[in-house]
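K.L.:
work-v3.txt is reproduced in full below (compact mmCIF, C-alpha atoms and all ligand atoms).
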```txt
# COMPACT_ATOMS: atom_id res chain seq x y z
CA THR I 1 23.75 44.42 39.25
CA ARG I 2 20.75 42.60 40.69
CA TYR I 3 18.36 43.99 43.24
CA THR I 4 15.57 42.52 45.32
CA ILE I 5 12.00 43.58 44.62
CA THR I 6 9.52 43.03 47.43
CA VAL I 7 5.94 42.80 46.17
CA GLU I 8 3.30 43.71 48.74
CA PRO I 9 0.70 42.68 49.81
CA LEU I 10 2.05 39.26 48.79
CA GLY I 11 5.31 39.69 50.64
CA ARG I 12 7.06 37.97 47.72
CA GLU I 13 10.69 38.75 46.99
CA ILE I 14 12.17 38.39 43.54
CA GLU I 15 15.47 39.27 41.94
CA CYS I 16 15.58 41.95 39.24
CA ASP I 17 18.46 43.00 36.99
CA GLU I 18 19.19 46.72 36.79
CA ASP I 19 18.33 46.69 33.07
CA GLN I 20 15.11 44.74 33.55
CA THR I 21 11.71 46.25 34.36
CA ILE I 22 10.05 45.26 37.61
CA LEU I 23 7.12 43.83 35.61
CA GLU I 24 9.37 41.59 33.49
CA ALA I 25 11.18 40.30 36.55
CA CYS I 26 7.91 39.51 38.31
CA LEU I 27 6.19 37.86 35.32
CA ARG I 28 9.26 35.77 34.58
CA ASN I 29 9.33 34.60 38.19
CA GLY I 30 5.67 33.62 38.26
CA VAL I 31 4.48 36.67 40.23
CA TRP I 32 1.57 38.03 38.24
CA LEU I 33 1.09 41.80 38.29
CA PRO I 34 -1.65 43.69 36.45
CA HIS I 35 -0.50 44.94 33.04
CA SER I 36 -1.79 45.56 29.56
CA CYS I 37 0.29 47.63 27.12
CA THR I 38 3.71 46.96 28.75
CA HIS I 39 4.93 50.19 27.11
CA GLY I 40 4.15 52.89 29.65
CA THR I 41 0.95 54.26 28.16
CA CYS I 42 -2.11 52.56 29.68
CA ALA I 43 -1.40 52.94 33.43
CA THR I 44 -2.80 49.46 34.17
CA CYS I 45 0.43 48.53 35.96
CA LYS I 46 0.59 51.63 38.18
CA SER I 47 1.70 50.59 41.67
CA GLU I 48 2.50 52.21 44.99
CA TRP I 49 6.21 52.74 45.40
CA LEU I 50 7.01 52.23 49.06
CA ASP I 51 10.77 52.06 49.22
CA GLY I 52 14.01 52.15 47.22
CA GLU I 53 15.30 53.92 44.10
CA VAL I 54 14.05 53.41 40.55
CA ASP I 55 14.53 54.80 37.08
CA HIS I 56 11.04 55.56 35.68
CA GLY I 57 12.28 54.78 32.17
CA GLN I 58 9.80 55.43 29.38
CA ALA I 59 6.75 56.05 31.58
CA SER I 60 4.62 58.51 29.62
CA SER I 61 3.65 61.73 31.40
CA PHE I 62 -0.08 60.98 31.07
CA ALA I 63 0.17 57.43 32.44
CA LEU I 64 2.36 58.60 35.33
CA MET I 65 1.88 62.28 36.13
CA ASP I 66 4.80 64.36 37.40
CA PHE I 67 3.25 64.81 40.85
CA GLU I 68 2.84 61.04 41.19
CA ARG I 69 6.45 60.20 40.54
CA GLU I 70 7.49 60.32 44.17
CA GLU I 71 4.96 57.72 45.31
CA LYS I 72 3.99 55.62 42.34
CA LEU I 73 5.65 53.84 39.47
CA LEU I 74 4.73 51.93 36.34
CA THR I 75 6.07 48.43 36.83
CA CYS I 76 6.36 47.99 33.03
CA CYS I 77 8.85 50.88 32.84
CA ALA I 78 10.54 51.15 36.23
CA LYS I 79 14.00 49.62 36.63
CA PRO I 80 15.53 49.25 40.08
CA ARG I 81 18.49 51.31 41.24
CA SER I 82 18.46 49.73 44.71
CA ASP I 83 16.31 47.16 46.50
CA VAL I 84 12.71 48.25 45.97
CA THR I 85 9.37 47.60 47.67
CA ILE I 86 6.12 48.09 45.78
CA GLU I 87 2.50 47.53 46.61
CA ALA I 88 0.52 46.29 43.63
CA ASP I 89 -3.21 46.50 43.12
CA LEU I 90 -3.76 42.75 42.84
CA ASP I 91 -7.30 42.91 41.64
CA VAL I 92 -6.81 39.55 40.02
CA ASP I 93 -9.19 36.74 39.32
CA GLU I 94 -8.33 34.11 41.93
CA ASP I 95 -8.85 31.33 39.42
CA LEU I 96 -6.49 32.84 36.88
CA GLU I 97 -3.69 30.41 36.28
CA VAL I 98 -0.33 32.15 36.12
CA PHE I 99 2.03 31.10 33.34
CA PRO I 100 5.46 32.65 33.79
CA VAL I 101 6.81 34.70 30.91
CA ASP I 102 9.72 33.06 29.09
CA ASP I 103 11.69 33.38 25.86
CA TYR I 104 10.96 31.04 22.95
CA THR I 105 12.24 30.41 19.47
CA GLY I 106 9.73 29.57 16.77
CA THR I 107 9.75 28.46 13.15
CA VAL I 108 7.34 30.11 10.74
CA THR I 109 5.16 27.35 9.27
CA VAL I 110 2.36 29.41 7.69
CA LEU I 111 2.34 32.97 6.40
CA GLU I 112 -0.72 33.72 4.28
CA ASP I 113 -2.95 36.58 3.20
CA ILE I 114 -6.39 36.10 4.71
CA ALA I 115 -8.06 39.47 4.07
CA THR I 116 -7.18 42.92 2.75
CA ASP I 117 -3.87 43.91 4.35
CA THR I 118 -4.18 41.03 6.81
CA ARG I 119 -1.94 38.01 7.27
CA ARG I 120 -2.06 34.85 9.30
CA LEU I 121 1.26 33.86 10.85
CA VAL I 122 1.64 30.41 12.37
CA VAL I 123 4.71 29.67 14.43
CA GLU I 124 5.88 26.31 15.75
CA LEU I 125 7.56 26.87 19.12
CA ASP I 126 10.72 25.09 20.24
CA ARG I 127 8.77 23.73 23.23
CA GLU I 128 5.35 23.82 24.83
CA MET I 129 3.93 26.97 26.37
CA GLY I 130 0.94 27.46 28.64
CA PHE I 131 -1.23 30.58 28.43
CA ASN I 132 -4.76 31.83 29.05
CA ALA I 133 -7.10 32.33 26.08
CA GLY I 134 -6.85 36.03 25.20
CA GLN I 135 -3.20 36.60 26.12
CA TYR I 136 -0.50 37.87 23.78
CA MET I 137 3.16 37.41 22.87
CA LYS I 138 5.92 39.89 22.09
CA LEU I 139 7.53 39.11 18.75
CA LEU I 140 11.04 40.44 18.25
CA VAL I 141 11.36 42.40 15.02
CA PRO I 142 14.99 42.10 13.89
CA ALA I 143 17.23 45.13 13.60
CA CYS I 144 17.34 46.60 10.11
CA ALA I 145 18.29 49.78 8.25
CA ASP I 146 15.27 51.48 9.89
CA GLY I 147 16.46 50.90 13.41
CA PRO I 148 17.40 48.50 16.19
CA GLU I 149 15.51 45.41 17.30
CA VAL I 150 12.01 46.23 18.62
CA ASP I 151 9.12 44.15 19.86
CA ARG I 152 5.54 44.04 18.66
CA THR I 153 2.64 42.48 20.52
CA TYR I 154 0.19 40.05 18.92
CA SER I 155 -2.54 37.97 20.55
CA MET I 156 -2.72 34.22 20.13
CA ALA I 157 -5.68 33.13 17.99
CA ASN I 158 -5.29 29.43 18.87
CA PRO I 159 -6.82 27.88 21.97
CA PRO I 160 -4.42 27.25 24.88
CA THR I 161 -4.73 23.49 24.46
CA GLN I 162 -2.63 24.01 21.34
CA THR I 163 0.58 24.55 23.24
CA ARG I 164 3.26 24.65 20.53
CA THR I 165 1.56 25.92 17.38
CA LEU I 166 0.74 29.59 17.82
CA GLU I 167 -1.47 31.52 15.40
CA PHE I 168 -1.33 35.31 15.01
CA HIS I 169 -3.28 37.76 12.83
CA ILE I 170 -1.41 40.79 11.60
CA ARG I 171 -2.80 43.90 9.94
CA LYS I 172 -0.52 45.98 7.77
CA VAL I 173 0.12 49.48 8.99
CA GLU I 174 1.69 51.75 6.39
CA GLY I 175 5.33 52.29 7.35
CA GLY I 176 5.02 50.14 10.50
CA ARG I 177 8.24 48.37 11.49
CA GLY I 178 6.53 45.16 12.60
CA SER I 179 3.98 44.77 9.81
CA ASP I 180 4.96 46.74 6.71
CA GLY I 181 8.68 46.41 7.40
CA TRP I 182 8.76 42.77 8.48
CA VAL I 183 5.71 40.45 8.40
CA PHE I 184 4.60 41.90 5.03
CA LYS I 185 8.14 42.15 3.69
CA ASP I 186 11.06 39.91 4.67
CA LEU I 187 9.47 37.27 6.86
CA ALA I 188 9.05 33.89 5.16
CA VAL I 189 8.04 30.31 5.90
CA GLY I 190 10.95 28.35 7.39
CA GLN I 191 12.50 31.34 9.15
CA GLN I 192 13.18 31.35 12.86
CA ILE I 193 11.81 34.10 15.04
CA ARG I 194 12.21 34.96 18.69
CA LEU I 195 9.27 35.71 20.95
CA SER I 196 8.41 35.98 24.62
CA GLY I 197 5.27 35.65 26.66
CA PRO I 198 2.55 35.07 27.57
CA TYR I 199 1.47 38.61 28.55
CA GLY I 200 -1.81 40.36 29.29
CA ARG I 201 -4.84 40.24 31.52
CA PHE I 202 -7.49 40.14 28.79
CA VAL I 203 -8.59 36.54 29.31
CA LEU I 204 -11.70 34.43 29.01
CA LYS I 205 -13.39 33.94 32.38
CA THR I 206 -13.55 30.19 32.10
CA GLY I 207 -16.46 28.44 33.77
CA ASP I 208 -18.53 31.64 33.68
CA ASP I 209 -22.23 31.31 32.84
CA ARG I 210 -22.97 34.88 31.77
CA HIS I 211 -23.85 35.59 28.15
CA GLY I 212 -20.56 36.76 26.64
CA ILE I 213 -20.83 39.60 24.11
CA MET I 214 -17.56 39.63 22.18
CA VAL I 215 -16.50 42.36 19.80
CA GLY I 216 -13.44 42.07 17.62
CA GLY I 217 -12.40 45.00 15.46
CA GLY I 218 -9.96 44.13 12.66
CA THR I 219 -7.35 41.72 13.99
CA GLY I 220 -8.94 42.18 17.40
CA LEU I 221 -10.64 39.01 16.26
CA ALA I 222 -7.51 37.01 17.15
CA PRO I 223 -7.98 36.76 20.95
CA MET I 224 -11.70 36.21 20.36
CA LYS I 225 -10.93 33.21 18.17
CA SER I 226 -8.76 31.76 20.91
CA MET I 227 -11.48 32.35 23.51
CA VAL I 228 -14.35 31.09 21.37
CA ARG I 229 -12.52 27.92 20.36
CA HIS I 230 -11.45 27.30 23.95
CA ALA I 231 -15.01 27.89 25.18
CA LEU I 232 -16.70 25.69 22.60
CA GLU I 233 -14.24 22.99 21.65
CA ASN I 234 -12.91 22.46 25.14
CA GLY I 235 -16.17 23.13 26.99
CA GLU I 236 -14.57 25.91 29.03
CA TYR I 237 -17.56 28.27 29.20
CA GLU I 238 -21.06 27.75 30.53
CA GLY I 239 -22.91 30.71 29.06
CA GLU I 240 -24.03 31.73 25.60
CA LEU I 241 -21.53 33.54 23.39
CA THR I 242 -22.19 36.08 20.66
CA LEU I 243 -19.27 37.25 18.55
CA TYR I 244 -19.35 40.46 16.52
CA ALA I 245 -16.68 40.98 13.88
CA GLY I 246 -16.59 44.21 11.94
CA GLY I 247 -15.12 45.08 8.57
CA ARG I 248 -15.70 47.60 5.81
CA SER I 249 -16.61 44.87 3.34
CA ARG I 250 -16.33 41.10 3.11
CA ALA I 251 -12.81 41.54 1.74
CA TRP I 252 -11.79 42.83 5.18
CA LEU I 253 -13.31 39.95 7.13
CA TYR I 254 -11.57 36.63 7.61
CA ASP I 255 -12.20 33.21 9.15
CA VAL I 256 -15.91 33.70 8.51
CA ASP I 257 -16.19 30.01 7.53
CA VAL I 258 -14.42 28.94 10.72
CA PHE I 259 -16.91 30.80 12.90
CA ARG I 260 -19.89 29.71 10.80
CA ALA I 261 -18.83 26.10 11.25
CA LEU I 262 -18.54 26.60 15.02
CA GLU I 263 -21.98 28.20 15.00
CA GLU I 264 -23.47 25.17 13.22
CA GLU I 265 -21.84 22.79 15.63
CA HIS I 266 -22.42 24.54 18.94
CA GLU I 267 -25.75 25.65 20.23
CA GLY I 268 -25.46 28.86 22.19
CA PHE I 269 -22.84 30.40 19.90
CA THR I 270 -23.87 33.17 17.49
CA PHE I 271 -21.57 34.75 14.95
CA ARG I 272 -22.44 38.24 13.66
CA PRO I 273 -20.13 39.49 10.91
CA CYS I 274 -20.90 43.17 10.25
CA LEU I 275 -20.26 45.21 7.11
CA SER I 276 -20.01 48.98 7.35
CA ASP I 277 -19.52 49.85 3.66
CA GLU I 278 -21.36 47.07 1.85
CA THR I 279 -25.12 46.86 1.32
CA PRO I 280 -27.42 43.82 1.38
CA GLU I 281 -27.96 44.40 -2.36
CA GLU I 282 -24.24 44.19 -3.08
CA VAL I 283 -23.93 41.03 -1.00
CA ALA I 284 -26.90 39.45 -2.78
CA ALA I 285 -25.58 40.46 -6.21
CA SER I 286 -22.43 38.44 -5.60
CA GLY I 287 -24.47 35.33 -4.78
CA ASP I 288 -23.94 35.48 -1.00
CA ASP I 289 -26.85 35.37 1.44
CA PRO I 290 -27.43 38.95 2.68
CA ASP I 291 -29.21 37.73 5.81
CA ARG I 292 -25.97 36.28 7.12
CA TYR I 293 -24.49 39.71 7.81
CA GLY I 294 -25.27 42.73 9.92
CA TYR I 295 -25.04 46.15 8.24
CA GLY I 296 -23.41 49.25 9.65
CA LEU I 297 -20.76 49.67 12.31
CA VAL I 298 -20.49 46.80 14.79
CA THR I 299 -21.75 49.16 17.47
CA ASP I 300 -24.91 49.96 15.46
CA VAL I 301 -25.60 46.27 14.93
CA ILE I 302 -25.15 45.51 18.63
CA ALA I 303 -27.48 48.37 19.54
CA ALA I 304 -30.14 47.05 17.16
CA ASP I 305 -29.72 43.42 18.28
CA HIS I 306 -30.28 43.94 22.00
CA ASP I 307 -32.66 45.91 24.18
CA LYS I 308 -30.81 45.12 27.37
CA LEU I 309 -27.52 43.45 28.18
CA SER I 310 -27.59 43.52 31.98
CA GLY I 311 -26.11 40.35 33.44
CA CYS I 312 -23.90 39.77 30.38
CA ALA I 313 -20.10 39.99 30.14
CA GLY I 314 -18.43 42.11 27.45
CA TYR I 315 -15.14 41.30 25.73
CA LEU I 316 -13.76 44.04 23.49
CA CYS I 317 -10.59 44.09 21.43
CA GLY I 318 -9.48 46.37 18.64
CA PRO I 319 -8.35 49.90 17.88
CA PRO I 320 -8.92 52.24 20.88
CA LEU I 321 -11.69 54.24 19.17
CA MET I 322 -13.67 51.11 18.37
CA VAL I 323 -13.21 49.75 21.87
CA GLU I 324 -14.34 53.07 23.32
CA SER I 325 -17.52 53.25 21.24
CA ALA I 326 -18.33 49.56 21.88
CA LEU I 327 -17.90 50.24 25.59
CA LYS I 328 -20.42 53.07 25.39
CA VAL I 329 -22.96 50.92 23.56
CA LEU I 330 -22.66 48.09 26.08
CA MET I 331 -23.02 50.53 28.96
CA SER I 332 -26.06 52.16 27.35
CA LYS I 333 -27.57 48.65 27.35
CA ARG I 334 -27.01 48.41 31.12
CA LEU I 335 -23.79 46.47 31.24
CA PHE I 336 -21.58 47.63 34.13
CA PRO I 337 -17.98 48.63 33.38
CA ARG I 338 -16.78 45.94 35.80
CA ASP I 339 -18.37 43.32 33.55
CA ILE I 340 -16.58 44.59 30.46
CA TYR I 341 -13.07 43.37 29.65
CA ARG I 342 -11.08 45.24 27.06
CA GLU I 343 -7.83 45.12 25.17
CA ASP I 344 -6.76 48.08 23.07
CA PHE I 345 -4.17 47.89 20.33
CA PHE I 346 -1.37 49.99 21.71
CA ASN I 347 1.35 49.47 19.18
CA GLU I 348 -0.35 48.25 16.05
CA ALA I 349 2.47 48.82 13.65
FE1 LIG I 401 2.40 49.61 32.23
FE2 LIG I 401 0.48 49.85 30.38
S1 LIG I 401 1.54 51.40 31.45
S2 LIG I 401 1.20 48.04 31.35
```
In C-alpha cells, write the structure found in this file.
P.N.:
Amino acid sequence: TRYTITVEPLGREIECDEDQTILEACLRNGVWLPHSCTHGTCATCKSEWLDGEVDHGQASSFALMDFEREEKLLTCCAKPRSDVTIEADLDVDEDLEVFPVDDYTGTVTVLEDIATDTRRLVVELDREMGFNAGQYMKLLVPACADGPEVDRTYSMANPPTQTRTLEFHIRKVEGGRGSDGWVFKDLAVGQQIRLSGPYGRFVLKTGDDRHGIMVGGGTGLAPMKSMVRHALENGEYEGELTLYAGGRSRAWLYDVDVFRALEEEHEGFTFRPCLSDETPEEVAASGDDPDRYGYGLVTDVIAADHDKLSGCAGYLCGPPLMVESALKVLMSKRLFPRDIYREDFFNEA
C-alpha cells in the first residue's frame, strides 16, 4: 500500500510505501530532510507529527521519548499507516544542492590494507552519482550464516567531481558484520556490491571563507579527504584549512603522503598528523622527521596550536567520544556550537 506524505512547511506531497520510512521516501524523491544516523539513535530527524497514523519502528527510547510519541516522530524510522502530515525542521543551508538517494551497483576495483586494521575500498558505480563532499553511502552487507542482509554506512573519501569511482575507508571492528565479517573477509576485487545514497548533512560549506579546522579520528578522515580535495583541487573553498588526523602511532595513520603533497601544492592548507603513543625520539630513530608530527591526542595538539578559534568553522568526524572531546576543545577556544559541524560513527562495525 502507498500513502501520501505531506511535508510542511514546504507543502510538498510525496508517495511512500508502507514498508518504507518517511525519510527514505523523501530523500528518494528529492525532498531533503535533516538526518544523520538514519537508524533511530541521533534524533537529528525528529519532526512534528501533525496528522495520520505511523508505526514508529526502531526509534530508540532516548531519541524519541515515550511522552513525545503522540506528537513527534523520527522520519528515519516512521512508516506510514495512513496518509501522514509532518512538519520538518528545515534548518538547511539554502545553497545545499540536493541529490536524490538512489540504488546503485558497483564493482570492487581496489581493496587494500592502508594502515593497521584499515582498508581502502574503491568501487566503480554502474552510473554517475552526484553528492556533496562529506556525505555517505549505505553499503549492503550480504546475508550470511550470521544473519540477514544489513547495511553499513561509509563516507566517500573522493571529491564529488569524481562521480563514478567511490573511495571508502573501513576500520575493522572485532566481530563486526560489515568489517570483520565482510570487507576484511569475503569481499574481493571484481565482486559486485549494492549500495544506496548519498546520505547525510555533514558537508563542506563550499564558498565559505572561514578558517576550517578539520578533525578526523580514525576513518573519520574519509569525509575530510573528500572535503579537502574538493576545496583545494576544485577551488571550492575560500578560507584556510587545517586538518588534524589522529592515530596511536604512524602505523595507524594513512594517506599521510597524499595530504603532505596537497600541503606542498596549496598555500593555506596545513596538515597536522598527531601521534598519541609514539614519541619524537621514536619517530627520529626510524629516520622520519619528528617535527612533521604533533604529539598527544588530537585534542591536546589543537589546544596547544591555537589560542583562539573564534570566527573559524569546525568539522569533526570520528568515534563519538573523540567528537565530543574535540567539540569541547573548539568551544573552549571560543568557537560557537553553530559553527561546528559533526558526524559521529553510529554503526562502525
Ligand atoms: Fe533519525 Fe538519527 S534518529 S537520523
K.L.:
Distance cut-off 7 Å, centre (2.9, 31.0, 25.1) in file coordinates, counting all atoms listed in the file: which residues qualify? Return them as a count of residues only.
P.N.:
6
K.L.:
Find the residues near ligand LIG 401 (chain I). Use a cut-off of 8 Å, count all atoms listed in the file, and write them as a PyMOL selection string.
P.N.:
chain I and resi 34-46+59-60+63+74-77
K.L.:
Would you compute the distance between atom CA of Arg164 of chain I and atom CA of Glu233 of chain I? Give it in Å to one decimal.
P.N.:
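That distance, rounded to one decimal, is 17.6 Å.
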K.L.:
Every residue with an atom at most 12 Å from (-0.3, 50.5, 43.5) (file coordinates; only C-alpha atoms) is what I'm after, so could you write them as a list in words?
P.N.:
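It turns out the residues near that spot are Val7, Glu8, Pro9, Leu33, Pro34, His35, Ala43, Thr44, Cys45, Lys46, Ser47, Glu48, Trp49, Leu50, Leu64, Glu68, Glu71, Lys72, Leu73, Leu74, Thr75, Thr85, Ile86, Glu87, Ala88, Asp89, Leu90 and Asp91 of chain I.
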K.L.:
Restricting the calculation to only C-alpha atoms: of I:Thr4, I:Gln192, I:Ser249, I:Asn29, which residue gets closest to Glu53 of chain I?
P.N.:
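Selected residue with least distance to Glu53 of chain I: I:Thr4.
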K.L.:
Residues within 10 Å of Tyr199 of chain I, please, as a list in words. Count all atoms listed in the file; anything in the same chain fewer than 3 positions from it doesn't count.
P.N.:
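Result of the neighbour search: Glu24, Leu27, Trp32, Pro34, His35, Ser36, Cys37, Thr38, Phe99, Pro100, Val101, Asp102, Phe131, Asn132, Gly134, Gln135, Tyr136, Met137, Lys138, Thr153, Tyr154, Ser155, Ser196 and Phe202 of chain I.
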K.L.:
Which residue out of I:Gly52, I:Pro80, I:Ala222, I:Tyr295 has the minimum interatomic distance to Ile22 of chain I when only C-alpha atoms are used?
P.N.:
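Checking each candidate against Ile22 of chain I, we get I:Pro80 as the closest.
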K.L.:
Go ahead and compute the interatomic distance for atom CA of Asp300 of chain I and atom CA of Ile114 of chain I, in Å to one decimal.
P.N.:
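Value for the atom CA of Asp300 of chain I-atom CA of Ile114 of chain I distance: 25.5 Å.
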K.L.:
As an exercise, work out the distance from atom CA of Leu139 of chain I to atom CA of Arg171 of chain I in Å and give it to one decimal place.
P.N.:
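We find that atom CA of Leu139 of chain I and atom CA of Arg171 of chain I lie 14.4 Å from each other.
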K.L.:
Using only C-alpha atoms, I'd like a table of the residues in segment 171-246 of chain I that come within 7 Å of segment 140-143 of chain I; for each, show the closest atom pair and its distance in Å rounded to one decimal, ordered by chain and ascending number, as a tab-separated table.
P.N.:
```
residue	atom	partner	partner_atom	distance
I:Gly178	CA	I:Val141	CA	6.1
I:Arg194	CA	I:Leu140	CA	5.6
I:Leu195	CA	I:Leu140	CA	5.7
```
K.L.:
Taking into account only C-alpha atoms, which residue in the set I:Val84, I:Leu111, I:Ala78, I:Ala285 is nearest to Ile14 of chain I?
P.N.:
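Ranking I:Val84, I:Leu111, I:Ala78, I:Ala285 by distance to Ile14 of chain I, first place goes to I:Val84.
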K.L.:
Could you check which of I:Met65, I:Val31, I:Ala25, I:Ile340 is closest to Gly314 of chain I, using only C-alpha atoms?
P.N.:
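Counting only C-alpha atoms, the residue closest to Gly314 of chain I is I:Ile340.
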K.L.:
Find the residue from I:Arg342, I:Lys79, I:Lys328, I:Lys333 that sits nearest to Gly217 of chain I; use all atoms listed in the file when measuring.
P.N.:
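Looking at the shortest contact to Gly217 of chain I, the residue is I:Arg342.
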K.L.:
Within 7 Å of Glu124 of chain I, counting all atoms listed in the file, which residues show up once you throw out same-chain ones fewer than 4 positions away? Write them as a list in words, please.
P.N.:
Gly106, Thr107, Val108, Thr109, Arg164, Thr165 and Leu166 of chain I
K.L.:
I:Arg69, I:Arg81, I:Lys185, I:Arg12: which is nearest Asp55 of chain I, counting all atoms listed in the file?
P.N.:
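Counting all atoms listed in the file, the residue closest to Asp55 of chain I is I:Arg81.
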K.L.:
As AutoDock Vina command-line options, what would the box around segment 129-141 of chain I look like: edges along x, y and z, 8 Å added on every side, centre and edge lengths in Å to one decimal?
P.N.:
```
--center_x 2.1 --center_y 34.7 --center_z 22.0 --size_x 34.5 --size_y 31.4 --size_z 30.0
```
